[in-house]
Each structure stands twice: as C-alpha cells, then as structure tokens.
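Chemist: This is the content of upload-v5.cif (mmCIF, C-alpha atoms):
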data_target
loop_
_atom_site.label_atom_id
_atom_site.label_comp_id
_atom_site.auth_asym_id
_atom_site.auth_seq_id
_atom_site.Cartn_x
_atom_site.Cartn_y
_atom_site.Cartn_z
CA MET A 1 45.37 6.01 -6.25
CA ALA A 2 42.40 6.89 -4.06
CA TRP A 3 40.13 4.16 -2.74
CA PHE A 4 36.57 4.68 -1.62
CA ARG A 5 34.56 2.43 0.62
CA ARG A 6 30.83 2.63 1.42
CA LYS A 7 30.46 3.18 5.16
CA LYS A 8 26.69 2.75 5.37
CA LYS A 9 24.99 -0.44 4.27
CA GLY A 10 21.83 -0.31 2.19
CA ILE A 11 20.32 2.46 0.10
CA GLN A 12 17.79 4.82 1.62
CA THR A 13 14.94 6.10 -0.55
CA PRO A 14 12.18 8.63 0.16
CA THR A 15 9.52 5.89 -0.06
CA GLU A 16 11.04 4.10 2.93
CA GLU A 17 9.96 6.91 5.24
CA LYS A 18 6.27 6.20 4.74
CA LYS A 19 4.63 3.72 7.07
CA ASP A 20 2.14 0.93 6.57
CA VAL A 21 -1.16 0.70 8.42
CA PRO A 22 -0.47 2.26 11.85
CA LYS A 23 -0.68 0.40 15.14
CA GLY A 24 -1.88 2.02 18.34
CA LEU A 25 -4.52 4.56 19.31
CA TRP A 26 -3.43 7.46 17.13
CA TYR A 27 -1.89 8.09 13.74
CA LYS A 28 -0.02 11.20 12.61
CA SER A 29 -0.10 11.95 8.88
CA PRO A 30 2.93 13.49 7.10
CA THR A 31 1.27 16.92 7.31
CA GLY A 32 0.98 16.59 11.09
CA LYS A 33 -2.74 15.79 11.31
CA ILE A 34 -3.67 13.52 14.21
CA VAL A 35 -6.43 10.95 13.71
CA ASP A 36 -7.84 8.22 15.94
CA SER A 37 -6.86 4.79 14.56
CA ASP A 38 -10.45 3.50 14.73
CA GLN A 39 -11.63 6.54 12.79
CA LEU A 40 -8.85 5.99 10.28
CA THR A 41 -10.00 2.40 9.72
CA LYS A 42 -13.62 3.46 9.24
CA ASN A 43 -12.44 6.08 6.73
CA PHE A 44 -10.70 3.45 4.55
CA TYR A 45 -7.29 4.30 6.04
CA VAL A 46 -7.45 7.85 4.73
CA SER A 47 -6.70 10.81 7.01
CA PRO A 48 -10.00 12.76 6.99
CA GLU A 49 -8.45 16.23 7.41
CA ASP A 50 -5.80 16.17 4.68
CA GLY A 51 -6.87 13.18 2.54
CA TYR A 52 -3.56 11.38 3.03
CA HIS A 53 -3.86 7.74 1.93
CA VAL A 54 -2.03 5.53 4.42
CA ARG A 55 -0.20 2.65 2.78
CA ILE A 56 -2.23 -0.56 3.21
CA GLY A 57 -1.85 -4.17 2.08
CA SER A 58 -3.79 -6.96 0.39
CA LYS A 59 -5.91 -7.74 3.46
CA GLU A 60 -7.30 -4.21 3.60
CA TYR A 61 -7.87 -3.98 -0.18
CA PHE A 62 -9.77 -7.27 -0.14
CA GLU A 63 -11.96 -5.89 2.65
CA ILE A 64 -12.67 -2.77 0.61
CA ILE A 65 -13.38 -4.41 -2.76
CA PHE A 66 -15.07 -7.75 -2.02
CA ASP A 67 -18.66 -7.88 -0.76
CA ASP A 68 -18.74 -8.60 3.01
CA ASP A 69 -14.98 -9.37 2.88
CA ASN A 70 -15.93 -12.74 1.38
CA TYR A 71 -13.44 -14.22 -1.10
CA LYS A 72 -11.42 -17.31 -1.99
CA GLU A 73 -7.66 -16.92 -2.08
CA LEU A 74 -5.96 -18.47 -5.12
CA TYR A 75 -2.53 -20.12 -5.32
CA LYS A 76 -1.77 -19.11 -1.73
CA ASN A 77 0.93 -21.72 -1.11
CA LEU A 78 3.29 -20.64 -3.90
CA SER A 79 6.67 -19.64 -2.49
CA SER A 80 9.97 -18.53 -4.03
CA LYS A 81 13.00 -20.81 -4.33
CA ASP A 82 16.64 -19.79 -4.56
CA PRO A 83 17.95 -21.22 -7.87
CA LEU A 84 20.78 -18.66 -8.00
CA LYS A 85 21.97 -19.37 -4.42
CA PHE A 86 22.00 -15.61 -3.95
CA GLU A 87 23.66 -14.00 -0.96
CA ASP A 88 24.29 -10.35 -0.11
CA SER A 89 24.19 -9.20 3.52
CA LYS A 90 22.33 -12.48 4.16
CA LYS A 91 21.27 -15.54 2.21
CA TYR A 92 18.14 -15.12 0.07
CA VAL A 93 16.55 -18.23 1.61
CA ASP A 94 17.02 -16.69 5.05
CA ARG A 95 15.60 -13.35 3.87
CA LEU A 96 12.52 -15.15 2.53
CA LYS A 97 11.98 -17.05 5.77
CA GLN A 98 12.36 -13.85 7.78
CA ALA A 99 9.84 -11.98 5.58
CA GLN A 100 7.36 -14.85 5.73
CA THR A 101 7.61 -15.09 9.51
CA LYS A 102 7.35 -11.33 10.02
CA THR A 103 4.41 -10.73 7.64
CA GLY A 104 2.53 -14.03 7.66
CA LEU A 105 2.64 -13.91 3.84
CA LYS A 106 4.15 -16.37 1.37
CA ASP A 107 5.25 -13.66 -1.06
CA ALA A 108 4.67 -10.03 -2.05
CA ILE A 109 1.31 -10.60 -3.76
CA ARG A 110 -1.97 -12.29 -2.90
CA THR A 111 -4.67 -13.20 -5.41
CA ALA A 112 -8.33 -13.82 -4.68
CA VAL A 113 -11.69 -14.26 -6.38
CA GLY A 114 -15.04 -13.16 -5.02
CA GLU A 115 -18.00 -10.89 -5.66
CA SER A 116 -17.88 -7.12 -5.80
CA LYS A 117 -21.26 -5.38 -5.96
CA GLY A 118 -22.74 -8.76 -6.84
CA LYS A 119 -20.46 -9.75 -9.72
CA LYS A 120 -17.40 -11.98 -9.83
CA ILE A 121 -13.98 -10.34 -9.92
CA ILE A 122 -10.34 -11.39 -9.45
CA VAL A 123 -8.06 -9.12 -7.44
CA CYS A 124 -4.27 -9.42 -7.30
CA ALA A 125 -2.97 -7.15 -4.51
CA MET A 126 0.65 -6.54 -3.54
CA ASP A 127 2.09 -6.14 -0.06
CA PHE A 128 4.97 -3.68 0.24
CA LYS A 129 5.96 -5.04 3.64
CA PHE A 130 7.18 -8.25 1.97
CA ILE A 131 10.65 -7.32 0.66
CA GLY A 132 9.38 -3.98 -0.65
CA GLY A 133 6.65 -5.53 -2.78
CA SER A 134 9.41 -6.73 -5.09
CA MET A 135 8.50 -8.68 -8.21
CA GLY A 136 9.97 -12.15 -8.34
CA SER A 137 9.06 -15.37 -10.09
CA VAL A 138 6.21 -16.13 -7.69
CA MET A 139 4.56 -12.77 -8.32
CA GLY A 140 4.78 -13.31 -12.07
CA GLU A 141 3.43 -16.84 -11.78
CA LYS A 142 0.49 -15.85 -9.56
CA ILE A 143 -0.47 -13.05 -11.93
CA ALA A 144 -0.15 -15.39 -14.93
CA ARG A 145 -2.31 -18.07 -13.28
CA SER A 146 -4.87 -15.45 -12.27
CA ILE A 147 -5.10 -14.29 -15.87
CA ASP A 148 -5.63 -17.89 -17.01
CA TYR A 149 -8.35 -18.24 -14.36
CA ALA A 150 -9.98 -15.02 -15.56
CA ILE A 151 -9.97 -16.24 -19.17
CA ARG A 152 -11.40 -19.68 -18.30
CA ASN A 153 -14.17 -18.23 -16.19
CA LYS A 154 -14.67 -14.94 -18.07
CA ILE A 155 -14.08 -12.86 -14.93
CA PRO A 156 -12.70 -9.26 -14.87
CA LEU A 157 -9.23 -8.77 -13.40
CA VAL A 158 -7.90 -6.06 -11.08
CA ILE A 159 -4.20 -5.76 -10.21
CA ILE A 160 -3.24 -3.46 -7.34
CA SER A 161 0.42 -2.49 -7.67
CA LYS A 162 2.56 -1.46 -4.71
CA SER A 163 6.14 -2.30 -5.50
CA GLY A 164 9.74 -1.16 -5.41
CA GLY A 165 10.41 -3.06 -8.64
CA ALA A 166 12.14 -6.28 -9.66
CA ARG A 167 13.56 -8.53 -6.93
CA MET A 168 17.33 -8.28 -7.33
CA MET A 169 17.88 -11.60 -5.50
CA GLU A 170 16.31 -13.40 -8.47
CA ALA A 171 18.20 -11.37 -11.12
CA GLY A 172 17.19 -12.30 -14.68
CA LEU A 173 14.38 -14.56 -13.45
CA SER A 174 12.71 -11.49 -12.00
CA LEU A 175 13.09 -9.47 -15.19
CA MET A 176 11.51 -12.30 -17.19
CA GLN A 177 8.26 -11.66 -15.32
CA LEU A 178 7.80 -8.37 -17.22
CA ALA A 179 7.49 -10.23 -20.51
CA LYS A 180 5.59 -13.13 -18.98
CA THR A 181 2.84 -11.01 -17.44
CA SER A 182 2.63 -8.68 -20.44
CA GLY A 183 2.21 -11.65 -22.77
CA LYS A 184 -0.52 -13.12 -20.60
CA LEU A 185 -2.37 -9.80 -20.53
CA SER A 186 -2.43 -9.77 -24.33
CA LEU A 187 -4.35 -13.07 -24.17
CA LEU A 188 -6.77 -11.50 -21.68
CA SER A 189 -7.31 -8.61 -24.09
CA LYS A 190 -7.98 -10.98 -27.00
CA ALA A 191 -10.57 -12.73 -24.83
CA LYS A 192 -12.22 -9.31 -24.33
CA ILE A 193 -12.08 -9.58 -20.54
CA PRO A 194 -11.66 -6.28 -18.63
CA TYR A 195 -8.44 -5.50 -16.80
CA ILE A 196 -8.27 -2.58 -14.37
CA SER A 197 -4.82 -1.54 -13.11
CA LEU A 198 -4.65 0.36 -9.82
CA CYS A 199 -1.34 2.07 -9.00
CA THR A 200 -0.78 2.81 -5.31
CA ASP A 201 2.14 4.22 -3.35
CA PRO A 202 4.73 3.34 -4.55
CA THR A 203 4.46 1.81 -8.04
CA THR A 204 7.98 1.76 -9.44
CA GLY A 205 10.47 -0.28 -11.42
CA GLY A 206 9.48 -3.38 -13.36
CA THR A 207 5.84 -3.25 -12.33
CA THR A 208 5.49 0.18 -13.92
CA ALA A 209 7.38 -1.07 -16.97
CA SER A 210 4.91 -3.93 -17.48
CA PHE A 211 1.46 -4.84 -16.15
CA ALA A 212 0.85 -1.70 -14.05
CA MET A 213 0.54 0.41 -17.19
CA LEU A 214 -1.24 -2.12 -19.40
CA GLY A 215 -4.77 -1.87 -18.03
CA ASP A 216 -7.80 -1.25 -20.19
CA ILE A 217 -8.18 1.56 -17.67
CA ASN A 218 -5.25 2.70 -15.51
CA ILE A 219 -6.18 4.37 -12.22
CA ALA A 220 -4.29 5.49 -9.13
CA GLU A 221 -4.81 6.61 -5.57
CA PRO A 222 -4.24 10.31 -4.79
CA GLY A 223 -0.62 11.24 -4.16
CA ALA A 224 0.81 7.83 -5.11
CA LEU A 225 4.41 7.75 -6.31
CA ILE A 226 4.44 6.29 -9.84
CA GLY A 227 7.49 5.95 -12.05
CA PHE A 228 10.25 3.67 -13.27
CA ALA A 229 13.27 4.97 -11.36
CA GLY A 230 12.69 6.93 -8.15
CA PRO A 231 12.91 10.74 -8.16
CA ARG A 232 16.27 10.78 -6.39
CA VAL A 233 17.79 8.48 -9.03
CA VAL A 234 16.29 10.54 -11.87
CA LYS A 235 17.66 13.75 -10.39
CA ASP A 236 21.12 12.27 -9.86
CA THR A 237 21.14 10.87 -13.41
CA THR A 238 19.93 14.00 -15.22
CA GLY A 239 21.65 16.48 -12.95
CA LYS A 240 18.57 18.70 -13.06
CA ASP A 241 15.99 19.82 -10.56
CA LEU A 242 12.68 18.00 -11.00
CA PRO A 243 9.30 19.69 -11.52
CA GLU A 244 7.10 20.15 -8.46
CA GLY A 245 5.07 17.04 -7.75
CA PHE A 246 7.20 14.95 -10.12
CA GLN A 247 5.98 11.32 -10.33
CA THR A 248 2.92 11.85 -8.16
CA ALA A 249 -0.32 10.36 -9.48
CA GLU A 250 -1.54 13.84 -10.31
CA PHE A 251 1.62 14.63 -12.31
CA VAL A 252 1.45 11.30 -14.14
CA GLN A 253 -2.23 11.81 -15.02
CA GLU A 254 -1.54 15.32 -16.30
CA HIS A 255 1.06 13.87 -18.66
CA GLY A 256 -1.27 11.23 -20.07
CA PHE A 257 -0.19 8.01 -18.34
CA LEU A 258 -3.26 7.60 -16.12
CA ASP A 259 -6.96 7.69 -16.92
CA PHE A 260 -8.33 8.59 -13.49
CA ILE A 261 -7.34 9.24 -9.89
CA VAL A 262 -9.71 7.48 -7.50
CA PRO A 263 -9.97 8.19 -3.75
CA ARG A 264 -10.04 4.96 -1.76
CA ARG A 265 -13.57 5.57 -0.48
CA GLU A 266 -14.80 5.43 -4.11
CA LEU A 267 -12.60 2.54 -5.19
CA LYS A 268 -15.16 -0.27 -5.13
CA ASP A 269 -17.81 1.76 -6.97
CA LYS A 270 -15.38 3.06 -9.57
CA ILE A 271 -13.85 -0.34 -10.35
CA ASN A 272 -17.31 -1.77 -10.99
CA LEU A 273 -18.27 1.27 -13.05
CA TYR A 274 -15.22 0.90 -15.29
CA VAL A 275 -15.81 -2.84 -15.74
CA ASP A 276 -19.39 -2.18 -16.80
CA LEU A 277 -18.27 0.52 -19.22
CA ILE A 278 -15.66 -1.75 -20.83
CA LEU A 279 -18.23 -4.53 -21.22
CA ASN A 280 -20.81 -2.01 -22.48
CA GLN A 281 -23.22 -3.13 -19.78
CA GLU A 282 -25.83 -1.19 -17.89
CA VAL A 283 -24.01 0.80 -15.22
CA ARG A 284 -24.77 -0.36 -11.68
CA VAL A 285 -25.21 2.23 -8.95
#
Take the structure in the file and give it back as structure tokens.
Modeler:
Amino acid sequence: MAWFRRKKKGIQTPTEEKKDVPKGLWYKSPTGKIVDSDQLTKNFYVSPEDGYHVRIGSKEYFEIIFDDDNYKELYKNLSSKDPLKFEDSKKYVDRLKQAQTKTGLKDAIRTAVGESKGKKIIVCAMDFKFIGGSMGSVMGEKIARSIDYAIRNKIPLVIISKSGGARMMEAGLSLMQLAKTSGKLSLLSKAKIPYISLCTDPTTGGTTASFAMLGDINIAEPGALIGFAGPRVVKDTTGKDLPEGFQTAEFVQEHGFLDFIVPRRELKDKINLYVDLILNQEVRV
C-alpha cells in the first residue's frame, strides 16, 4: 500500500501573489509599469499607465467615499472568540492576536457612517490583510448590525467585498453568516433602502454566495477576481481549460452577474448616482 504525505504546508493560490497598498518610493504593477508611490496615491491607487487597481483596504475606501474622510466607525470593538477551540498549524486565538497586532484591525471588516456628496451613507469595507478577508461570525454580526442601523435611520448601505471566503477556523459558525446576512438584506429591501454591492479583488467563496451578489445594483472594480471557487480549483475539478479572462469582473459582467464595472476614480460619483436612481431622486452631479 502506498502512502502519500504533503511536504509543503499551506495552499498557494494565484490571488496570494498580488500585493496590498505598496510601501516605499516606487510601485511596479503586474505588467511591469513603474509608478511613483505618491502619484499612485493621488490616482486612487490605480497605475496610470495600465489602469491596474492595486489592492487597498477599508482605510483607503473610506477616504475615497466619505466627504473629507470624515466618518464615524460603528461596532469597532467587536472581536472573534474561539468557541470551537480550533487549532491547525497554530491555535486560532493566537492567529487572531497575531492578525490584530500586525494589521491594527479587530477583524476583517470595518463599518462606518458618514456623508458622501452631502448625504448619509453606511459603508462596510473588508480588509484582505486580516486572515484573507475571511468571513467569520464578527463579519456577519457587523454587517447585520449595519443593516439594522440603515433601516432605523433610513440610510443607504454599501458593502465592499474583498474576501477569500468563509473562515475555516469557525467552521459551521462561519457558514451561518451567509444565511444571516442574506436574511437581513431581505429586511433592508422590504424597507426600500438602497444597497450597493461593490466586488473588488478578490471576491470569492461565501461572500460571493451571499451578500456580494444581492445588491440592488452589483458593481465591481476593473479586473477583479469574482467567483465562488478559485480558477485553479475549478480547472482541477472540471478537468478542462478555462476561457480566457475567466472570473474577471469583465467576464462576470458579460455573463450577466454584474450591472456595471466602475473605475476607482469614479467610485464615489457612481455610488451616489446609483443610490439616487434607486430612490428615484434627482441625480446629483
């Protein structure tokens, strides 16, 4: 009988090769274009020559969407527990502490309320650098509470997805968040309050299977990876070569799962435009 043993720990995916907001004087895009970091910041973290959207986090999205970067963070002290006493290569409680220390975040999502082009809006933005933007019980709870806040105050909601999927260290508790957030969004819909879903790179797994695809309008950044399972897993499962551009935002839009692709420079204007259209209000320019 033959025995096989994994020699390398961890699973490598194509999305792991992409980097977050660069540090230093220069940034090199995947196509080899060199851009000054200050210029990159002024250009909304988009490489001006090739349009490559550098992966950013909640801090940068809040700066882009809220007027004068002025907002109030909601439920910022919520933090995950370890009811399953989970342990793989390290204990889950230790992994959480390490991620919190490294990123300065409590979990993989931040929620905030403020004004955008003069009107109130709630933004829930994920951070991929916190355990791959994975969806655990805290993420589900913060989204649920934000929806309740939106209903009470009649404020539009924006969720910015950037996630590798459900957090395996919370097992079934993580999967329950799909139903929890979807159910809450149905209440938001009944209250006739707009919900805009923005898919960024990457939006995969349980987020795609729930709230990321339930917006009144679903939008994405150019080139974002969007899907349930990653392309490597799909290829290995089907045993077939995938179409060119498979699971990019452009491919997903072409096949009817997205309404629009929005460059980051236009994000604030477009979000407000879509909210006004949903509410049948006079469009603000």
Chemist: Expressed in Å to a single decimal, how great is the separation between CA of Thr204 in chain A and CA of Phe128 in chain A?
Modeler: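 About the pair CA of Thr204 in chain A and CA of Phe128 in chain A: they are 11.5 Å apart.
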Chemist: CA of Thr181 in chain A and CA of Ser210 in chain A, how far apart in Å?
Modeler: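 Separation between CA of Ser210 in chain A and CA of Thr181 in chain A: 7.4 Å.
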Chemist: List every protein, DNA or RNA residue with an atom no more than 9 Å from (5.4, 3.8, -10.6) in the file's coordinates, counting only C-alpha atoms, and format the result as a list in words.
Modeler: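 Output of the proximity query reads Ser161, Lys162, Ser163, Gly164, Gly165, Cys199, Thr200, Asp201, Pro202, Thr203, Thr204, Gly205, Gly206, Thr207, Thr208, Ala209, Ala212, Met213, Ala224, Leu225, Ile226, Gly227, Phe228, Ala229, Gly230, Gln247, Thr248 and Ala249 of chain A.
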Chemist: As lines of an AutoDock Vina configuration file, please report the centre and edge lengths, rounded to one decimal in Å, of the axis-aligned box that holds all listed atoms of range 261-265 of chain A with 3 Å of padding on each of the six sides.
Modeler:
center_x = -10.5
center_y = 7.1
center_z = -5.2
size_x = 12.2
size_y = 10.3
size_z = 15.4
Chemist: Using the chain letters and numbering of this document, enumerate as a PyMOL selection string the residues selected by the PyMOL selection byres ((chain A and resi 168-173) around 12).
Modeler: chain A and resi 80-96+131-141+164-167+174-180+205-206
Chemist: Can you list what the PyMOL selection byres ((chain A and resi 68) around 12) grabs from this structure, as a list of chain:residue names?
Modeler: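 Applying the expression gives A:Phe62, A:Glu63, A:Ile64, A:Ile65, A:Phe66, A:Asp67, A:Asp69, A:Asn70, A:Tyr71, A:Gly114, A:Glu115, A:Ser116, A:Lys117, A:Gly118.
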Chemist: Have a look at A:Leu74, A:Val54, A:Leu267, A:Leu25 and name the one nearest to Asp38 in chain A; count only C-alpha atoms.
Modeler: A:Leu25
Chemist: Rank nothing, just name the residue among A:Lys72, A:Arg110, A:His255, A:Lys102 nearest to Ser58 in chain A, using all atoms listed in the file.
Modeler: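 Of the candidates, the smallest distance to Ser58 in chain A is held by A:Arg110.
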Chemist: From the options A:Asn280, A:Thr41, A:Thr31, A:Thr111, which residue's atoms come nearest to Met126 in chain A, counting all atoms listed in the file?
Modeler: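 Checking each of A:Asn280, A:Thr41, A:Thr31, A:Thr111 against Met126 in chain A, counting all atoms listed in the file, the winner is A:Thr111.
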Chemist: Go through A:Lys192, A:Lys142, A:Lys129, A:Lys120 one by one, measure the shortest atom-to-atom distance of each to Ile159 in chain A using only C-alpha atoms, and give the residue with the smallest value.
Modeler: A:Lys142
Chemist: Which is closest to Ala150 in chain A among A:Pro194, A:Gly256, A:Gly57, A:Pro263, if we use all atoms listed in the file?
Modeler: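 Closest to Ala150 in chain A of all the choices is A:Pro194.
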Chemist: Pick the closest to Pro222 in chain A from A:Ile147, A:Ala112, A:Ile261, A:Val123: which is it, counting all atoms listed in the file?
Modeler: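 Under the stated criterion, the closest residue is A:Ile261.
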Chemist: Could you tell me which residues the PyMOL selection byres ((chain A and resi 264) around 9) grabs in this file, written as a count of residues only?
Modeler: 14
Chemist: Within 10 Å of (-9.0, -3.8, -16.4), in the coordinates the file gives, what residues turn up when you count only C-alpha atoms, written out as a PDB file with C-alpha atoms, in the coordinates of the input?
Modeler:
ATOM      1  CA  PRO A 156     -12.700  -9.260 -14.870  1.00  0.00           C
ATOM      2  CA  LEU A 157      -9.230  -8.770 -13.400  1.00  0.00           C
ATOM      3  CA  VAL A 158      -7.900  -6.060 -11.080  1.00  0.00           C
ATOM      4  CA  ILE A 159      -4.200  -5.760 -10.210  1.00  0.00           C
ATOM      5  CA  LEU A 185      -2.370  -9.800 -20.530  1.00  0.00           C
ATOM      6  CA  LEU A 188      -6.770 -11.500 -21.680  1.00  0.00           C
ATOM      7  CA  SER A 189      -7.310  -8.610 -24.090  1.00  0.00           C
ATOM      8  CA  ILE A 193     -12.080  -9.580 -20.540  1.00  0.00           C
ATOM      9  CA  PRO A 194     -11.660  -6.280 -18.630  1.00  0.00           C
ATOM     10  CA  TYR A 195      -8.440  -5.500 -16.800  1.00  0.00           C
ATOM     11  CA  ILE A 196      -8.270  -2.580 -14.370  1.00  0.00           C
ATOM     12  CA  SER A 197      -4.820  -1.540 -13.110  1.00  0.00           C
ATOM     13  CA  LEU A 198      -4.650   0.360  -9.820  1.00  0.00           C
ATOM     14  CA  LEU A 214      -1.240  -2.120 -19.400  1.00  0.00           C
ATOM     15  CA  GLY A 215      -4.770  -1.870 -18.030  1.00  0.00           C
ATOM     16  CA  ASP A 216      -7.800  -1.250 -20.190  1.00  0.00           C
ATOM     17  CA  ILE A 217      -8.180   1.560 -17.670  1.00  0.00           C
ATOM     18  CA  ASN A 218      -5.250   2.700 -15.510  1.00  0.00           C
ATOM     19  CA  ILE A 219      -6.180   4.370 -12.220  1.00  0.00           C
ATOM     20  CA  ILE A 271     -13.850  -0.340 -10.350  1.00  0.00           C
ATOM     21  CA  TYR A 274     -15.220   0.900 -15.290  1.00  0.00           C
ATOM     22  CA  VAL A 275     -15.810  -2.840 -15.740  1.00  0.00           C
ATOM     23  CA  ILE A 278     -15.660  -1.750 -20.830  1.00  0.00           C
TER      24      ILE A 278
END
Chemist: In Å, with one decimal, what is the gap from CA of Phe246 in chain A to CA of Pro231 in chain A?
Modeler: 7.4 Å
